[in-house]
Amino acid sequence: MSTPFALTHVSVVTGDTAGTVRPDQTIVVDAHGRIELVGPTAEVELPAGLLRVDGTGKFVSPGLINAHAHLFADGKPLPAIYTRPRTTRYVAWFMRSPAGQALLRKRARENATTQLHTGVTTMRTVGDVMYEVVTTRNAIESGELTGPRLLPSGPLMAITGGHGAPTIALIGDDAQTARANTRRNLQHGAEAIKISATGGVTDAIAVGYAGKPEMPEASMRAVCEEAHEAGVLVAAHAQSTEGVRAALRAGVDTIEHGSSMDEELIGLYLDNPASLRGRSAMIPTLQACLPLVKLDPSISGATEIVRENAKLVLEEMLSGIRSAAEHGILLGVGTDSGVSYVTHSNFWREMDLTARYAGLDPAAVLSAATRGNAEILGLTQVTGEITPGRDADLVVTEANPLEGFRTFSAPWMVVARGERIVHPEVSRIAEIDAHLDTL
């Protein structure tokens with residue numbers, strides 16, 4: 001139970017694609033942490049004794065949803081030891097050891113808290129080392145820790161030598177093993193499943209490696225069948241047209257990062273009978289590659305191979321975003337937090353970059369980060385809108401976010417399922433922020 005309260009005299013930014021803002025509204029939150037009433041302040045009668053929070057001059061938006069997150073690192077450039085084939089197995093061994101898991105549980109708590117304090121009230125992880133995020137989720141649900149709603153994935157599914165392997169992956173080189181690994185994650189409490197369908201940028205070993213198909217379609221289909229049987233969505237890291245095509249045919253529900261689209265891909269996104277709900281969505285993550293492309297390698301530390309792969313992925317991703325917007329494909333927002341140059345304090349940057357680089361209207365971007373992500377993750381009856389019956393997931397800002405997403409970098413107040421964070425304290429990495437401000 002939480003303390004009921006009324007947030008009065010606020011401008012409600014609804015999160016619809018029209019950019020509707022309703023001035024001088026009052027939001028009543030009940031003891032169960034749900035929105036009880038929303039209406040013009042002058043028309044709302046508040047019971048005596050109800051806690052009132054005066055939001056005069058403030059703007060309130062639905063809580064932000066990060067559909068693509070990692071909590072194992074802080075966003076500082078990853079040391080080469082994490083990505084070199086000769087050393088990754090030693091890193092994986094340590095991270096799975098008791099000492100490594102203790103460290104990762106601490107990081108997961110801290111990083112989830114940072115995201116919450118920037119207005120992220122729901123988060124899906126898509127590649128954990130083991131089940132440290134499941135543990136964090138359980139602490140939040142039990143009331144031990146105030147945090148965002150977490151949908152943890154556990155380790156992702158990869159082939160031997162594939163993207164993310166072995167550090168944040170379970171290895172399966174055939175359909176039977178892939179199915180067994182999926183079952184293992186579900187038994188450990190995962191609420192999301194992630195596949196590496198193609199190679200990636202950070203561990204690229206040659207130009208063109210990012211996007212190279214990896215997991216066979218039959219194995220991906222086995223993963224999807226097992227997860228869907230449990231009602232769990234499957235995400236696929238896919239950074240090329242062919243990689244996306246195979247993943248969608250296998251029944252993947254969300255494509256992470258994405259690619260340019262042809263008519264077949266557009267059709268598969270819109271009508272995918274092998275997916276859990278009959279259609280699939282795209283979750284771009286511009287922060288994962290833009291800094292590697294735009295910043296000088298002397299700053300980013302990116303090798304020429306990594307930078308060239310990032311350029312290829314960026315072009316594919318931007319093309320995919322525009323096609324998704326044009327054809328009515330479900331489009332979400334994720335940050336890839338934890339990888340190089342993607343800190344946990346910068347969800348707002350993903351929205352800003354999507355608007356500036358992909359040319360989307362700010363209202364459409366905010367809608368994708370709230371209502372859109374809620375629909376994609378199956379949470380439309382729970383969160384994503386400021387309406388009676390939904391959980392009170394709110395972020396209160398000094399300025400209208402539709403006039404500049406940077407206002408989310410320092411919220412005035414955040415509410416997560418009715419729990420108020422009155423003075424959000426955001427942990428930042430100043431040096432990285434200074435570089436990202438130049439993008």
# chains A, B, ... in the order shown; residues from 1 in each chain; ligands from 1
>>> residues_around(residues="A:Glu226", least_positions_apart="5", cutoff="7 Å", atoms="only C-alpha atoms", output="list in words")
Arg179, Thr182 and Arg183 of chain A
>>> closest_atom_pairs(of="stretch 159-183 of chain A", to="stretch 86-107 of chain A", cutoff="9 Å", atoms="only C-alpha atoms", output="JSON lines")
{"residue": "A:Ala165", "atom": "CA", "partner": "A:Thr88", "partner_atom": "CA", "distance": 8.0}
{"residue": "A:Pro166", "atom": "CA", "partner": "A:Ala92", "partner_atom": "CA", "distance": 6.3}
{"residue": "A:Thr167", "atom": "CA", "partner": "A:Ala92", "partner_atom": "CA", "distance": 4.5}
{"residue": "A:Ile168", "atom": "CA", "partner": "A:Ala92", "partner_atom": "CA", "distance": 7.6}
>>> closest_residue(among="A:Met261, A:Val339, A:Leu268, A:Ala204", to="A:Ala310", atoms="only C-alpha atoms")
A:Ala204
>>> select_by_dssp(residues="stretch 12-239 of chain A", states="alpha helix (DSSP H)", output="VMD selection string")
chain A and resid 88 to 96 98 to 117 132 to 141 175 to 187 217 to 229
>>> residues_around(residues="A:Ala236", least_positions_apart="3", cutoff="9 Å", atoms="only C-alpha atoms", output="ChimeraX atom specification")
/A:126,193-198,220,244,247-248,252-257
>>> write_last_selection(atoms="C-alpha atoms", output="mmCIF file, in the first residue's frame")
data_model
loop_
_atom_site.group_PDB
_atom_site.id
_atom_site.type_symbol
_atom_site.label_atom_id
_atom_site.label_comp_id
_atom_site.auth_asym_id
_atom_site.auth_seq_id
_atom_site.Cartn_x
_atom_site.Cartn_y
_atom_site.Cartn_z
ATOM 1 C CA VAL A 126 17.532 -7.963 -22.895
ATOM 2 C CA ILE A 193 13.691 -13.776 -23.764
ATOM 3 C CA LYS A 194 16.423 -12.407 -26.026
ATOM 4 C CA ILE A 195 18.088 -13.998 -29.069
ATOM 5 C CA SER A 196 21.239 -12.915 -30.883
ATOM 6 C CA ALA A 197 20.051 -13.420 -34.436
ATOM 7 C CA THR A 198 23.040 -11.596 -35.959
ATOM 8 C CA MET A 220 15.056 -19.263 -33.125
ATOM 9 C CA VAL A 244 15.562 -9.550 -39.368
ATOM 10 C CA ALA A 247 13.973 -13.725 -36.914
ATOM 11 C CA LEU A 248 10.502 -12.566 -37.928
ATOM 12 C CA VAL A 252 10.196 -13.083 -32.831
ATOM 13 C CA ASP A 253 8.024 -10.375 -31.252
ATOM 14 C CA THR A 254 10.447 -7.456 -31.183
ATOM 15 C CA ILE A 255 13.406 -6.675 -33.406
ATOM 16 C CA GLU A 256 16.120 -4.872 -31.482
ATOM 17 C CA HIS A 257 18.082 -2.219 -33.385
#
>>> closest_residue(among="A:Leu64, A:Ala218, A:Leu78, A:Ile140", to="A:Ala178", atoms="only C-alpha atoms")
A:Ala218
>>> residues_around(residues="A:Thr241", least_positions_apart="4", cutoff="9 Å", atoms="only C-alpha atoms", output="number ranges by chain")
A: 211, 245-246, 258-262, 265, 316
>>> write_last_selection(atoms="all heavy atoms", output="compact mmCIF listing (two decimals), in the first residue's frame")
# COMPACT_ATOMS: atom_id res chain seq x y z
N GLY A 211 25.35 -7.62 -38.13
CA GLY A 211 24.28 -7.96 -39.06
C GLY A 211 24.45 -9.30 -39.73
O GLY A 211 23.52 -9.81 -40.37
N ARG A 245 14.73 -10.78 -41.29
CA ARG A 245 13.78 -11.64 -42.00
C ARG A 245 13.69 -13.02 -41.34
O ARG A 245 12.59 -13.54 -41.07
CB ARG A 245 14.22 -11.80 -43.46
CG ARG A 245 13.12 -12.39 -44.37
CD ARG A 245 13.64 -12.66 -45.78
NE ARG A 245 14.49 -11.61 -46.30
CZ ARG A 245 14.03 -10.49 -46.85
NH1 ARG A 245 12.73 -10.27 -46.91
NH2 ARG A 245 14.87 -9.58 -47.32
N ALA A 246 14.84 -13.63 -41.04
CA ALA A 246 14.84 -14.95 -40.42
C ALA A 246 14.22 -14.90 -39.03
O ALA A 246 13.45 -15.80 -38.64
CB ALA A 246 16.27 -15.47 -40.34
N GLY A 258 17.30 -3.14 -35.54
CA GLY A 258 16.54 -3.09 -36.78
C GLY A 258 17.38 -2.84 -38.01
O GLY A 258 18.60 -2.69 -37.96
N SER A 259 16.68 -2.80 -39.14
CA SER A 259 17.35 -2.68 -40.44
C SER A 259 16.42 -1.99 -41.42
O SER A 259 15.26 -1.70 -41.12
CB SER A 259 17.69 -4.08 -40.97
OG SER A 259 16.49 -4.75 -41.35
N SER A 260 16.94 -1.74 -42.61
CA SER A 260 16.08 -1.27 -43.69
C SER A 260 15.07 -2.37 -44.01
O SER A 260 15.27 -3.54 -43.68
CB SER A 260 16.90 -0.91 -44.92
OG SER A 260 17.69 -2.02 -45.32
N MET A 261 13.97 -2.00 -44.66
CA MET A 261 12.88 -2.94 -44.87
C MET A 261 12.51 -3.04 -46.34
O MET A 261 12.50 -2.04 -47.06
CB MET A 261 11.64 -2.51 -44.08
CG MET A 261 11.84 -2.39 -42.59
SD MET A 261 10.27 -1.96 -41.76
CE MET A 261 10.89 -1.53 -40.12
N ASP A 262 12.18 -4.27 -46.76
CA ASP A 262 11.56 -4.46 -48.07
C ASP A 262 10.11 -4.83 -47.84
O ASP A 262 9.62 -4.87 -46.70
CB ASP A 262 12.31 -5.52 -48.89
CG ASP A 262 12.44 -6.86 -48.15
OD1 ASP A 262 11.58 -7.16 -47.29
OD2 ASP A 262 13.37 -7.62 -48.45
N LEU A 265 9.46 -7.78 -45.41
CA LEU A 265 9.67 -7.46 -44.01
C LEU A 265 8.52 -6.62 -43.46
O LEU A 265 8.04 -6.86 -42.34
CB LEU A 265 10.99 -6.70 -43.81
CG LEU A 265 12.29 -7.48 -43.88
CD1 LEU A 265 13.43 -6.65 -43.30
CD2 LEU A 265 12.20 -8.79 -43.14
N GLU A 316 21.23 1.53 -41.38
CA GLU A 316 20.15 0.55 -41.42
C GLU A 316 19.04 0.91 -40.43
O GLU A 316 17.86 0.81 -40.73
CB GLU A 316 20.71 -0.85 -41.11
CG GLU A 316 21.56 -1.44 -42.20
CD GLU A 316 20.72 -1.96 -43.36
OE1 GLU A 316 19.71 -2.64 -43.12
OE2 GLU A 316 21.08 -1.67 -44.53
